[in-house]
Amino acid sequence: MSYLETAANPQALRRVAIDPVSRVEGHGKVTILLDDDNKVHQVRLHIVEFRGFEIFIEGRPYWEVPVAVQRLCGICPVSHHLAAVKAMDIIAGARALPPTAEKLRRLMHYGQTVQSHALHFFHLCSPDLLLGFDCDVTRRNVIGVAAEFPEIATRGVLMRKWGQEVIKATAGKKIHGTGAIPGGMNKRLTIEERDHLRKDADTMVGWAVDAINMVKKLHLTKPEFYNRFGEFEASMMGFVDARGAMDLYHGGLRAKDKDGNIIFDHVDYATYQQVLDEEVKSWSYMKFPYIRKLGPQKGWYRVGPLARVAACDFIPTPLAEAERKEMMAIEGGKVPHGTLLYHWARLIEVLFGAEMIRELLDDPDITGSDLMADLGPRQHEAVGVIEAPRGTLFHHYRVGDDDLVKYCNLIVSTTNNNQAMNEAVRKVATQFLDGKEVTEPLLNHIEVAIRAYDPCLSCATHALGKMPLEVDLVDAEGTLISQGRRNMDGLAETSCLTG
Amino acid sequence: MTDIANTLTIDGRTISFEPGQTIMQAALAAGVFMPHLCYNPEFKPHGSCKLCTVTVNGRPQSACTIAAMPGQEIQSDTPELNGRRRVLLQMLFVEGHHFCPGCEKSGNCQLQALGYEMEMLSPHFSHFFPDRGVDATHPDVMIDFGRCIMCELCVQASRDVDGKNVFALAGRGLASHVVVNSPSGKLGDSALEVTDKAVEVCPVGAILRKRVGFAVPIGERIYDHDPISVKALEPDEA
């Protein structure tokens with residue numbers, strides 16, 4: 001069990017809750033148990049909502065899944081849409097996708113990367129970074145940023161809009177479109193749509209560079225603070241292509257340890273269960289995945305922008321690669337682990353996404369009309385994986401002869417980061433709260449650490465029927481009288497501890 | 001004796017009709033939309049969905065079954081009648097599983113299109129959440145019973161066009177449901193073929209051809225650009 005996960009004697013402690021955690025997608029809360037001297041004894045990030053898509057997608061036809069399951073989320077539904085359709089390509093028996101279809105999917109995905117990251121950085125996090133963690137809470141929001149830095153706020157809105165227009169041109173709608181279908185795409189990109197998107201591409205690349213420069217300038221003001229805030233060493237996981245380059249649409253799984261040594265590399269994601277496993281805990285609806293080789297105690301890892309930038313050998317677009325090299329050099333060649341460095345890495349990915357969109361729009365294949373693969377024999381089981389804005393996203397399905405889904409397992413990006421986010425809030429609690437009078441600005445430090453991961457809490461909560469439950473009955477003095485427990489297999493046991 | 005003109009009025013507008021036409025047929029031919037779900041011009045009307053209820057000389061009637069007669073004064077597009085239609089639609093939505101965001105019929109669905117047309121902003125009533133199941137045993141066709149509105153068009157199409165009697169309605173009242181005529185009661189054991197009229201006639205997302213869902217992109221679906229009140233007046237639409 002992790003340091004500060006469970007206090008030895010919680011009954012005697014004072015509870016402080018951040019409920020809800022704000023400026024994140026979905027609903028979560030943080031509970032902190034403190035003693036009389038304000039020493040921190042327990043910190044937990046709880047996910048208090050429940051979704052259950054894994055269960056109610058069962059019994060539905062497989063071609064419906066890429067459209068239905070994306071309703072998990074309104075911020076990066078394209079990730080679920082594409083992860084599901086990659087699995088359903090296999091189920092449908094699709095052979096290699098025509099170049100136009102694959103490039104349109106990539107275009108959609110990079111459009112989403114830009115819009116989701118822009119939303120997160122400019123709308124949700126820039127208030128902390130630009131106005132200060134301890135700025136008056138009534139100003140610490142995107143309206144406050146717009147008032148003080150109107151050009152930055154405007155660019156944030158327009159970058160997101162551009163990314164969403166890329167999605168609309170490929171999926172039919174900005175949110176919850178239908179573009180990708182098993183075996184290909186249903187919509188071609190017209191010349192007019194291409195030209196409409198292309199006219200802003202150079203500007204967007206330039207604005208992405210400017211945003212990185214802004215973060216670098218901020219970092220230079222207090223490098224030690226930004227490097228050490230919520231810093232803890234962890235393994236990192238992300239996609240790389242056959243060359244070791246960053247690829248957000250398709251690749252093999254690579255995990256590196258805290259020092260940058262390879263744990264596994266180029267793993268076919270269809271075999272993810274051979275390298276990853278999941279644990280459930282009684283106090284959260286979110287599962288805790290870990291690297292099998294290292295076990296549940298030490299096997300947890302980071303995903304998302306920082307992990308991807310650290311895991312790849314290079315980024316295959318020139319401007320983003322130059323920025324990656326610069327960021328990876330800040331710790332003198334050691335792997336950076338600071339929680340706030342996620343923002344820097346995220347903006348490097350915005351630049352990468354904008355460069356990729358520009359490249360794809362200049363590719364003659366993008367306006368082609370060959371959208372569907374030839375179909376071979378139907379398959380019954382498939383895994384689809386994609387690097388969603390928030391990290392590696394796994395969709396695993398089994399489909400019967402009748403075309404209905406029999407089994408669904410989702411390991412959502414935020415779920416991969418579950419333990420890492422808990423470690424981040426524990427670290428920040430230790431760094432900033434321990435022994436101090438708890439104030440709102442200090443509590444915001446905890447939220448700043450969570451926000452850095454850009455968690456999508458509504459996507460991540462699916463542990464239906466697998467939750468272990470513990471119920472303790474205590475008397476007025478806090479003495480434990482009896483315990484009830486249901487383990488992961490659903491078996492219940494109770495024990496009476498006093499006569 | 002003078003000839004009586006074959007005209008009637010709908011919401012104050014005088015239209016001509018051919019003898020033998022129903023009010024619905026006369027209205028559609030004259031370019032006047034009347035909301036309907038169970039009516040399909042290719043089949044004998046049976047007045048079961050009640051969405052086309054109008055007042056004829058002050059009395060409520062189903063426009064799809066009542067003959068057009070000279071001098072009828074018909075009210076259709078009124079706040080009161082549209083309010084009743086909205087309630088009927090709301091009841092249809094809550095008694096089945098009509099979750100448009102995940103449904104492949106979205107954009108091509110008459111129930112959804114009428115929900116928009118009648119400005120239905122919420123289901124209003126509590127959902128029934130029925131557990132009617134899915135029959136996907138047929139290799140090329142599936143039926144999602146939760147989406148069936150019991151318009152009976154598949155029953156008519158299978159009987160009158162396909163000559164197969166694959167579908168029938170069974171049960172009464174709230175227990176009414178579509179049944180499949182096969183030894184096992186399953187679609188896979190029935191005589192249904194994917195080319196049957198019964199497969200294409202479903203106005204909602206209940207009877208579906210397999211593996212073609214979402215093949216038509218957003219922007220090219222039936223009701224993406226024009227509402228059902230416009231599309232229903234086009235020659236090839238119901």
# chains A, B, ... in the order shown; residues from 1 in each chain; ligands from 1

call {"tool": "closest_atom_pairs", "arguments": {"of": "segment 99-153 of chain B", "to": "segment 214-237 of chain B", "cutoff": "7 Å", "atoms": "only C-alpha atoms", "output": "tab-separated table"}}
result
residue	atom	partner	partner_atom	distance
B:Glu104	CA	B:Phe214	CA	5.6
B:Gly107	CA	B:Tyr223	CA	5.3
B:Asn108	CA	B:Ile222	CA	5.1
B:Ala113	CA	B:Ile228	CA	5.8
B:Leu114	CA	B:Ile228	CA	6.7
B:Glu117	CA	B:Pro227	CA	6.8

call {"tool": "residues_around", "arguments": {"residues": "Thr271 of chain A", "least_positions_apart": "5", "cutoff": "12 Å", "atoms": "only C-alpha atoms", "output": "ChimeraX atom specification"}}
result
/A:252-253,266,276-277,381-385,394,396

call {"tool": "write_last_selection", "arguments": {"atoms": "N, CA and C atoms", "output": "PDB file, in the first residue's frame"}}
result
ATOM      1  N   GLY A 252       3.267   0.506 -31.138  1.00  0.00           N
ATOM      2  CA  GLY A 252       3.468  -0.530 -30.133  1.00  0.00           C
ATOM      3  C   GLY A 252       3.610   0.120 -28.768  1.00  0.00           C
ATOM      4  N   LEU A 253       3.321  -0.647 -27.723  1.00  0.00           N
ATOM      5  CA  LEU A 253       3.414  -0.100 -26.368  1.00  0.00           C
ATOM      6  C   LEU A 253       4.867  -0.120 -25.895  1.00  0.00           C
ATOM      7  N   HIS A 266       7.672  -2.034 -28.011  1.00  0.00           N
ATOM      8  CA  HIS A 266       7.015  -2.506 -29.235  1.00  0.00           C
ATOM      9  C   HIS A 266       6.084  -3.683 -28.954  1.00  0.00           C
ATOM     10  N   LEU A 276       0.088  -5.881 -18.707  1.00  0.00           N
ATOM     11  CA  LEU A 276      -0.632  -5.030 -17.741  1.00  0.00           C
ATOM     12  C   LEU A 276      -1.710  -5.829 -17.022  1.00  0.00           C
ATOM     13  N   ASP A 277      -1.982  -5.430 -15.787  1.00  0.00           N
ATOM     14  CA  ASP A 277      -3.091  -6.023 -15.031  1.00  0.00           C
ATOM     15  C   ASP A 277      -3.790  -4.883 -14.297  1.00  0.00           C
ATOM     16  N   GLU A 381     -12.798 -11.584 -31.386  1.00  0.00           N
ATOM     17  CA  GLU A 381     -12.193 -10.847 -30.277  1.00  0.00           C
ATOM     18  C   GLU A 381     -11.195  -9.850 -30.843  1.00  0.00           C
ATOM     19  N   ALA A 382     -11.164  -8.657 -30.274  1.00  0.00           N
ATOM     20  CA  ALA A 382     -10.226  -7.656 -30.782  1.00  0.00           C
ATOM     21  C   ALA A 382      -9.954  -6.596 -29.727  1.00  0.00           C
ATOM     22  N   VAL A 383      -8.783  -6.014 -29.857  1.00  0.00           N
ATOM     23  CA  VAL A 383      -8.374  -4.917 -28.980  1.00  0.00           C
ATOM     24  C   VAL A 383      -8.062  -3.715 -29.866  1.00  0.00           C
ATOM     25  N   GLY A 384      -8.566  -2.562 -29.458  1.00  0.00           N
ATOM     26  CA  GLY A 384      -8.227  -1.313 -30.146  1.00  0.00           C
ATOM     27  C   GLY A 384      -7.596  -0.372 -29.143  1.00  0.00           C
ATOM     28  N   VAL A 385      -6.475   0.212 -29.499  1.00  0.00           N
ATOM     29  CA  VAL A 385      -5.785   1.115 -28.570  1.00  0.00           C
ATOM     30  C   VAL A 385      -5.400   2.385 -29.320  1.00  0.00           C
ATOM     31  N   PHE A 394      -7.424   1.797 -23.890  1.00  0.00           N
ATOM     32  CA  PHE A 394      -7.606   0.425 -24.355  1.00  0.00           C
ATOM     33  C   PHE A 394      -9.094   0.109 -24.474  1.00  0.00           C
ATOM     34  N   HIS A 396     -11.305  -3.326 -25.420  1.00  0.00           N
ATOM     35  CA  HIS A 396     -11.179  -4.768 -25.667  1.00  0.00           C
ATOM     36  C   HIS A 396     -12.587  -5.360 -25.759  1.00  0.00           C
TER      37      HIS A 396
END

call {"tool": "select_by_dssp", "arguments": {"residues": "segment 237-439 of chain A", "states": "alpha helix (DSSP H)", "output": "PDB file with N, CA and C atoms, in the first residue's frame"}}
result
ATOM      1  N   TYR A 272      -2.048  -6.771 -24.554  1.00  0.00           N
ATOM      2  CA  TYR A 272      -1.817  -5.885 -23.395  1.00  0.00           C
ATOM      3  C   TYR A 272      -1.952  -6.601 -22.061  1.00  0.00           C
ATOM      4  N   GLN A 273      -2.808  -7.645 -22.036  1.00  0.00           N
ATOM      5  CA  GLN A 273      -3.024  -8.321 -20.758  1.00  0.00           C
ATOM      6  C   GLN A 273      -1.797  -9.122 -20.314  1.00  0.00           C
ATOM      7  N   GLN A 274      -0.875  -9.344 -21.239  1.00  0.00           N
ATOM      8  CA  GLN A 274       0.354 -10.030 -20.845  1.00  0.00           C
ATOM      9  C   GLN A 274       1.316  -9.090 -20.123  1.00  0.00           C
ATOM     10  N   VAL A 275       1.174  -7.791 -20.359  1.00  0.00           N
ATOM     11  CA  VAL A 275       2.094  -6.848 -19.713  1.00  0.00           C
ATOM     12  C   VAL A 275       1.412  -5.977 -18.652  1.00  0.00           C
ATOM     13  N   GLY A 295       4.537  -5.856 -10.563  1.00  0.00           N
ATOM     14  CA  GLY A 295       3.565  -6.132  -9.499  1.00  0.00           C
ATOM     15  C   GLY A 295       2.739  -4.916  -9.121  1.00  0.00           C
ATOM     16  N   PRO A 296       1.632  -5.135  -8.348  1.00  0.00           N
ATOM     17  CA  PRO A 296       0.723  -4.025  -8.036  1.00  0.00           C
ATOM     18  C   PRO A 296       1.335  -2.929  -7.172  1.00  0.00           C
ATOM     19  N   GLN A 297       2.320  -3.263  -6.357  1.00  0.00           N
ATOM     20  CA  GLN A 297       2.904  -2.252  -5.474  1.00  0.00           C
ATOM     21  C   GLN A 297       3.795  -1.268  -6.233  1.00  0.00           C
ATOM     22  N   LYS A 298       4.599  -1.812  -7.133  1.00  0.00           N
ATOM     23  CA  LYS A 298       5.595  -0.967  -7.809  1.00  0.00           C
ATOM     24  C   LYS A 298       5.305  -0.787  -9.298  1.00  0.00           C
ATOM     25  N   PRO A 305       0.779  13.110 -21.883  1.00  0.00           N
ATOM     26  CA  PRO A 305       1.814  13.886 -22.567  1.00  0.00           C
ATOM     27  C   PRO A 305       3.229  13.711 -22.016  1.00  0.00           C
ATOM     28  N   LEU A 306       3.400  13.849 -20.697  1.00  0.00           N
ATOM     29  CA  LEU A 306       4.760  13.751 -20.150  1.00  0.00           C
ATOM     30  C   LEU A 306       5.327  12.353 -20.407  1.00  0.00           C
ATOM     31  N   ALA A 307       4.502  11.328 -20.202  1.00  0.00           N
ATOM     32  CA  ALA A 307       4.966   9.956 -20.401  1.00  0.00           C
ATOM     33  C   ALA A 307       5.317   9.712 -21.869  1.00  0.00           C
ATOM     34  N   ARG A 308       4.499  10.241 -22.771  1.00  0.00           N
ATOM     35  CA  ARG A 308       4.749  10.005 -24.203  1.00  0.00           C
ATOM     36  C   ARG A 308       6.012  10.710 -24.679  1.00  0.00           C
ATOM     37  N   VAL A 309       6.158  11.969 -24.210  1.00  0.00           N
ATOM     38  CA  VAL A 309       7.350  12.721 -24.612  1.00  0.00           C
ATOM     39  C   VAL A 309       8.605  12.037 -24.056  1.00  0.00           C
ATOM     40  N   ALA A 310       8.484  11.484 -22.848  1.00  0.00           N
ATOM     41  CA  ALA A 310       9.640  10.818 -22.239  1.00  0.00           C
ATOM     42  C   ALA A 310       9.881   9.430 -22.833  1.00  0.00           C
ATOM     43  N   ALA A 311       8.811   8.783 -23.286  1.00  0.00           N
ATOM     44  CA  ALA A 311       8.963   7.397 -23.751  1.00  0.00           C
ATOM     45  C   ALA A 311       9.504   7.301 -25.167  1.00  0.00           C
ATOM     46  N   PRO A 318       9.457  18.478 -37.229  1.00  0.00           N
ATOM     47  CA  PRO A 318      10.693  19.181 -36.835  1.00  0.00           C
ATOM     48  C   PRO A 318      10.544  20.152 -35.663  1.00  0.00           C
ATOM     49  N   LEU A 319       9.487  20.954 -35.656  1.00  0.00           N
ATOM     50  CA  LEU A 319       9.378  21.965 -34.593  1.00  0.00           C
ATOM     51  C   LEU A 319       9.119  21.301 -33.235  1.00  0.00           C
ATOM     52  N   ALA A 320       8.234  20.327 -33.222  1.00  0.00           N
ATOM     53  CA  ALA A 320       7.930  19.641 -31.959  1.00  0.00           C
ATOM     54  C   ALA A 320       9.147  18.865 -31.470  1.00  0.00           C
ATOM     55  N   GLU A 321       9.919  18.286 -32.376  1.00  0.00           N
ATOM     56  CA  GLU A 321      11.109  17.526 -31.967  1.00  0.00           C
ATOM     57  C   GLU A 321      12.136  18.454 -31.314  1.00  0.00           C
ATOM     58  N   ALA A 322      12.296  19.648 -31.872  1.00  0.00           N
ATOM     59  CA  ALA A 322      13.240  20.604 -31.263  1.00  0.00           C
ATOM     60  C   ALA A 322      12.791  20.955 -29.840  1.00  0.00           C
ATOM     61  N   GLU A 323      11.485  21.125 -29.669  1.00  0.00           N
ATOM     62  CA  GLU A 323      10.963  21.448 -28.335  1.00  0.00           C
ATOM     63  C   GLU A 323      11.116  20.264 -27.381  1.00  0.00           C
ATOM     64  N   ARG A 324      10.914  19.046 -27.894  1.00  0.00           N
ATOM     65  CA  ARG A 324      11.082  17.848 -27.040  1.00  0.00           C
ATOM     66  C   ARG A 324      12.508  17.773 -26.510  1.00  0.00           C
ATOM     67  N   LYS A 325      13.473  17.994 -27.412  1.00  0.00           N
ATOM     68  CA  LYS A 325      14.883  17.913 -26.995  1.00  0.00           C
ATOM     69  C   LYS A 325      15.173  18.922 -25.884  1.00  0.00           C
ATOM     70  N   GLU A 326      14.626  20.124 -26.065  1.00  0.00           N
ATOM     71  CA  GLU A 326      14.883  21.172 -25.068  1.00  0.00           C
ATOM     72  C   GLU A 326      14.279  20.800 -23.715  1.00  0.00           C
ATOM     73  N   MET A 327      13.060  20.286 -23.747  1.00  0.00           N
ATOM     74  CA  MET A 327      12.409  19.933 -22.476  1.00  0.00           C
ATOM     75  C   MET A 327      13.111  18.760 -21.795  1.00  0.00           C
ATOM     76  N   MET A 328      13.528  17.783 -22.577  1.00  0.00           N
ATOM     77  CA  MET A 328      14.151  16.602 -21.980  1.00  0.00           C
ATOM     78  C   MET A 328      15.540  16.912 -21.416  1.00  0.00           C
ATOM     79  N   LEU A 341       5.311  19.581 -15.290  1.00  0.00           N
ATOM     80  CA  LEU A 341       5.922  19.448 -16.618  1.00  0.00           C
ATOM     81  C   LEU A 341       4.946  18.817 -17.616  1.00  0.00           C
ATOM     82  N   TYR A 342       3.854  18.247 -17.096  1.00  0.00           N
ATOM     83  CA  TYR A 342       2.805  17.756 -17.995  1.00  0.00           C
ATOM     84  C   TYR A 342       2.305  18.867 -18.921  1.00  0.00           C
ATOM     85  N   HIS A 343       2.224  20.091 -18.386  1.00  0.00           N
ATOM     86  CA  HIS A 343       1.710  21.203 -19.204  1.00  0.00           C
ATOM     87  C   HIS A 343       2.638  21.488 -20.383  1.00  0.00           C
ATOM     88  N   TRP A 344       3.919  21.506 -20.089  1.00  0.00           N
ATOM     89  CA  TRP A 344       4.924  21.765 -21.126  1.00  0.00           C
ATOM     90  C   TRP A 344       4.821  20.667 -22.206  1.00  0.00           C
ATOM     91  N   ALA A 345       4.799  19.423 -21.750  1.00  0.00           N
ATOM     92  CA  ALA A 345       4.717  18.293 -22.694  1.00  0.00           C
ATOM     93  C   ALA A 345       3.427  18.351 -23.505  1.00  0.00           C
ATOM     94  N   ARG A 346       2.340  18.766 -22.848  1.00  0.00           N
ATOM     95  CA  ARG A 346       1.038  18.831 -23.532  1.00  0.00           C
ATOM     96  C   ARG A 346       1.090  19.842 -24.677  1.00  0.00           C
ATOM     97  N   LEU A 347       1.759  20.969 -24.423  1.00  0.00           N
ATOM     98  CA  LEU A 347       1.848  21.982 -25.483  1.00  0.00           C
ATOM     99  C   LEU A 347       2.774  21.526 -26.611  1.00  0.00           C
ATOM    100  N   ILE A 348       3.777  20.731 -26.287  1.00  0.00           N
ATOM    101  CA  ILE A 348       4.613  20.145 -27.353  1.00  0.00           C
ATOM    102  C   ILE A 348       3.737  19.246 -28.224  1.00  0.00           C
ATOM    103  N   GLU A 349       2.808  18.549 -27.602  1.00  0.00           N
ATOM    104  CA  GLU A 349       1.903  17.699 -28.387  1.00  0.00           C
ATOM    105  C   GLU A 349       0.906  18.530 -29.203  1.00  0.00           C
ATOM    106  N   VAL A 350       0.526  19.685 -28.702  1.00  0.00           N
ATOM    107  CA  VAL A 350      -0.323  20.581 -29.511  1.00  0.00           C
ATOM    108  C   VAL A 350       0.431  20.959 -30.782  1.00  0.00           C
ATOM    109  N   LEU A 351       1.710  21.302 -30.606  1.00  0.00           N
ATOM    110  CA  LEU A 351       2.531  21.660 -31.765  1.00  0.00           C
ATOM    111  C   LEU A 351       2.661  20.466 -32.712  1.00  0.00           C
ATOM    112  N   PHE A 352       2.929  19.303 -32.145  1.00  0.00           N
ATOM    113  CA  PHE A 352       3.026  18.083 -32.961  1.00  0.00           C
ATOM    114  C   PHE A 352       1.715  17.860 -33.726  1.00  0.00           C
ATOM    115  N   GLY A 353       0.593  18.007 -33.020  1.00  0.00           N
ATOM    116  CA  GLY A 353      -0.712  17.801 -33.655  1.00  0.00           C
ATOM    117  C   GLY A 353      -0.939  18.792 -34.792  1.00  0.00           C
ATOM    118  N   ALA A 354      -0.608  20.062 -34.555  1.00  0.00           N
ATOM    119  CA  ALA A 354      -0.816  21.087 -35.583  1.00  0.00           C
ATOM    120  C   ALA A 354       0.081  20.821 -36.789  1.00  0.00           C
ATOM    121  N   GLU A 355       1.325  20.409 -36.530  1.00  0.00           N
ATOM    122  CA  GLU A 355       2.226  20.087 -37.649  1.00  0.00           C
ATOM    123  C   GLU A 355       1.714  18.877 -38.436  1.00  0.00           C
ATOM    124  N   MET A 356       1.191  17.884 -37.709  1.00  0.00           N
ATOM    125  CA  MET A 356       0.669  16.683 -38.380  1.00  0.00           C
ATOM    126  C   MET A 356      -0.557  17.013 -39.227  1.00  0.00           C
ATOM    127  N   ILE A 357      -1.433  17.863 -38.679  1.00  0.00           N
ATOM    128  CA  ILE A 357      -2.630  18.254 -39.438  1.00  0.00           C
ATOM    129  C   ILE A 357      -2.216  18.950 -40.729  1.00  0.00           C
ATOM    130  N   ARG A 358      -1.241  19.861 -40.615  1.00  0.00           N
ATOM    131  CA  ARG A 358      -0.764  20.580 -41.799  1.00  0.00           C
ATOM    132  C   ARG A 358      -0.195  19.597 -42.835  1.00  0.00           C
ATOM    133  N   GLU A 359       0.583  18.646 -42.332  1.00  0.00           N
ATOM    134  CA  GLU A 359       1.187  17.647 -43.216  1.00  0.00           C
ATOM    135  C   GLU A 359       0.108  16.806 -43.904  1.00  0.00           C
ATOM    136  N   LEU A 360      -0.883  16.382 -43.125  1.00  0.00           N
ATOM    137  CA  LEU A 360      -1.948  15.536 -43.686  1.00  0.00           C
ATOM    138  C   LEU A 360      -2.787  16.309 -44.705  1.00  0.00           C
ATOM    139  N   LEU A 361      -3.045  17.588 -44.420  1.00  0.00           N
ATOM    140  CA  LEU A 361      -3.855  18.383 -45.351  1.00  0.00           C
ATOM    141  C   LEU A 361      -3.115  18.617 -46.671  1.00  0.00           C
ATOM    142  N   SER A 413      -7.591   6.253 -20.272  1.00  0.00           N
ATOM    143  CA  SER A 413      -6.355   6.992 -19.988  1.00  0.00           C
ATOM    144  C   SER A 413      -6.234   7.405 -18.525  1.00  0.00           C
ATOM    145  N   THR A 414      -7.291   8.001 -18.020  1.00  0.00           N
ATOM    146  CA  THR A 414      -7.242   8.494 -16.643  1.00  0.00           C
ATOM    147  C   THR A 414      -7.084   7.341 -15.661  1.00  0.00           C
ATOM    148  N   THR A 415      -7.636   6.183 -15.996  1.00  0.00           N
ATOM    149  CA  THR A 415      -7.472   5.015 -15.127  1.00  0.00           C
ATOM    150  C   THR A 415      -5.996   4.631 -15.052  1.00  0.00           C
ATOM    151  N   ASN A 416      -5.310   4.704 -16.198  1.00  0.00           N
ATOM    152  CA  ASN A 416      -3.874   4.405 -16.190  1.00  0.00           C
ATOM    153  C   ASN A 416      -3.122   5.342 -15.253  1.00  0.00           C
ATOM    154  N   ASN A 418      -4.319   6.638 -12.500  1.00  0.00           N
ATOM    155  CA  ASN A 418      -4.981   6.692 -11.196  1.00  0.00           C
ATOM    156  C   ASN A 418      -3.977   6.762 -10.041  1.00  0.00           C
ATOM    157  N   GLN A 419      -3.083   5.803 -10.004  1.00  0.00           N
ATOM    158  CA  GLN A 419      -2.124   5.788  -8.902  1.00  0.00           C
ATOM    159  C   GLN A 419      -1.206   7.005  -8.976  1.00  0.00           C
ATOM    160  N   ALA A 420      -0.809   7.372 -10.190  1.00  0.00           N
ATOM    161  CA  ALA A 420       0.091   8.523 -10.341  1.00  0.00           C
ATOM    162  C   ALA A 420      -0.567   9.796  -9.812  1.00  0.00           C
ATOM    163  N   MET A 421      -1.875   9.971 -10.076  1.00  0.00           N
ATOM    164  CA  MET A 421      -2.558  11.166  -9.568  1.00  0.00           C
ATOM    165  C   MET A 421      -2.630  11.140  -8.047  1.00  0.00           C
ATOM    166  N   ASN A 422      -2.880   9.944  -7.495  1.00  0.00           N
ATOM    167  CA  ASN A 422      -2.894   9.824  -6.038  1.00  0.00           C
ATOM    168  C   ASN A 422      -1.522  10.135  -5.445  1.00  0.00           C
ATOM    169  N   GLU A 423      -0.471   9.645  -6.127  1.00  0.00           N
ATOM    170  CA  GLU A 423       0.887   9.950  -5.655  1.00  0.00           C
ATOM    171  C   GLU A 423       1.137  11.456  -5.733  1.00  0.00           C
ATOM    172  N   ALA A 424       0.649  12.089  -6.789  1.00  0.00           N
ATOM    173  CA  ALA A 424       0.877  13.530  -6.962  1.00  0.00           C
ATOM    174  C   ALA A 424       0.208  14.319  -5.843  1.00  0.00           C
ATOM    175  N   VAL A 425      -1.046  13.959  -5.509  1.00  0.00           N
ATOM    176  CA  VAL A 425      -1.723  14.736  -4.460  1.00  0.00           C
ATOM    177  C   VAL A 425      -1.093  14.459  -3.093  1.00  0.00           C
ATOM    178  N   ARG A 426      -0.614  13.234  -2.894  1.00  0.00           N
ATOM    179  CA  ARG A 426       0.071  12.943  -1.614  1.00  0.00           C
ATOM    180  C   ARG A 426       1.374  13.729  -1.509  1.00  0.00           C
ATOM    181  N   LYS A 427       2.078  13.799  -2.633  1.00  0.00           N
ATOM    182  CA  LYS A 427       3.342  14.526  -2.629  1.00  0.00           C
ATOM    183  C   LYS A 427       3.096  16.014  -2.339  1.00  0.00           C
ATOM    184  N   VAL A 428       2.112  16.585  -3.008  1.00  0.00           N
ATOM    185  CA  VAL A 428       1.822  18.007  -2.821  1.00  0.00           C
ATOM    186  C   VAL A 428       1.312  18.264  -1.402  1.00  0.00           C
TER     187      VAL A 428
END

call {"tool": "interface_residues", "arguments": {"of": "chain A", "to": "chain B", "cutoff": "9 Å", "atoms": "only C-alpha atoms", "output": "number ranges by chain"}}
result
A: 59-65, 67-69, 71, 92, 171-173, 176-182, 185-187, 401-404

call {"tool": "select_by_dssp", "arguments": {"residues": "segment 63-146 of chain B", "states": "strand (DSSP E)", "output": "ChimeraX atom specification"}}
result
/B:73-75,134-135,141-144

call {"tool": "write_last_selection", "arguments": {"atoms": "N, CA and C atoms", "output": "mmCIF file, in the first residue's frame"}}
result
data_model
loop_
_atom_site.group_PDB
_atom_site.id
_atom_site.type_symbol
_atom_site.label_atom_id
_atom_site.label_comp_id
_atom_site.auth_asym_id
_atom_site.auth_seq_id
_atom_site.Cartn_x
_atom_site.Cartn_y
_atom_site.Cartn_z
ATOM 1 N N GLU B 73 -64.340 21.100 -42.622
ATOM 2 C CA GLU B 73 -63.474 22.135 -42.043
ATOM 3 C C GLU B 73 -62.535 21.432 -41.072
ATOM 4 N N ILE B 74 -61.273 21.395 -41.445
ATOM 5 C CA ILE B 74 -60.293 20.584 -40.703
ATOM 6 C C ILE B 74 -59.293 21.493 -40.003
ATOM 7 N N GLN B 75 -59.085 21.189 -38.761
ATOM 8 C CA GLN B 75 -58.028 21.868 -38.003
ATOM 9 C C GLN B 75 -56.911 20.851 -37.762
ATOM 10 N N VAL B 134 -33.076 -8.020 -27.777
ATOM 11 C CA VAL B 134 -32.659 -7.885 -29.172
ATOM 12 C C VAL B 134 -32.650 -9.282 -29.771
ATOM 13 N N ASP B 135 -33.145 -9.412 -31.009
ATOM 14 C CA ASP B 135 -33.036 -10.691 -31.716
ATOM 15 C C ASP B 135 -32.074 -10.487 -32.882
ATOM 16 N N VAL B 141 -30.183 -9.506 -40.632
ATOM 17 C CA VAL B 141 -31.176 -8.561 -40.113
ATOM 18 C C VAL B 141 -31.243 -8.732 -38.597
ATOM 19 N N MET B 142 -31.439 -7.644 -37.881
ATOM 20 C CA MET B 142 -31.684 -7.773 -36.438
ATOM 21 C C MET B 142 -32.892 -6.924 -36.059
ATOM 22 N N ILE B 143 -33.478 -7.280 -34.951
ATOM 23 C CA ILE B 143 -34.594 -6.470 -34.456
ATOM 24 C C ILE B 143 -34.341 -6.127 -32.998
ATOM 25 N N ASP B 144 -34.423 -4.830 -32.720
ATOM 26 C CA ASP B 144 -34.268 -4.332 -31.357
ATOM 27 C C ASP B 144 -35.680 -4.020 -30.860
#

call {"tool": "atom_distance", "arguments": {"atom1": "atom CA of Met159 of chain A", "atom2": "atom CA of Asp210 of chain A"}}
result
12.2 Å

call {"tool": "closest_residue", "arguments": {"among": "B:Ile10, B:Asp196, B:His36, B:Ala30", "to": "Asp160 of chain B", "atoms": "only C-alpha atoms"}}
result
B:Asp196

call {"tool": "closest_residue", "arguments": {"among": "B:Lys105, B:Gln156, B:Ala168, B:Val54", "to": "Arg209 of chain B", "atoms": "only C-alpha atoms"}}
result
B:Lys105

call {"tool": "closest_residue", "arguments": {"among": "B:Glu42, B:Ser76, B:Pro183, B:Cys202", "to": "Thr55 of chain B", "atoms": "only C-alpha atoms"}}
result
B:Ser76
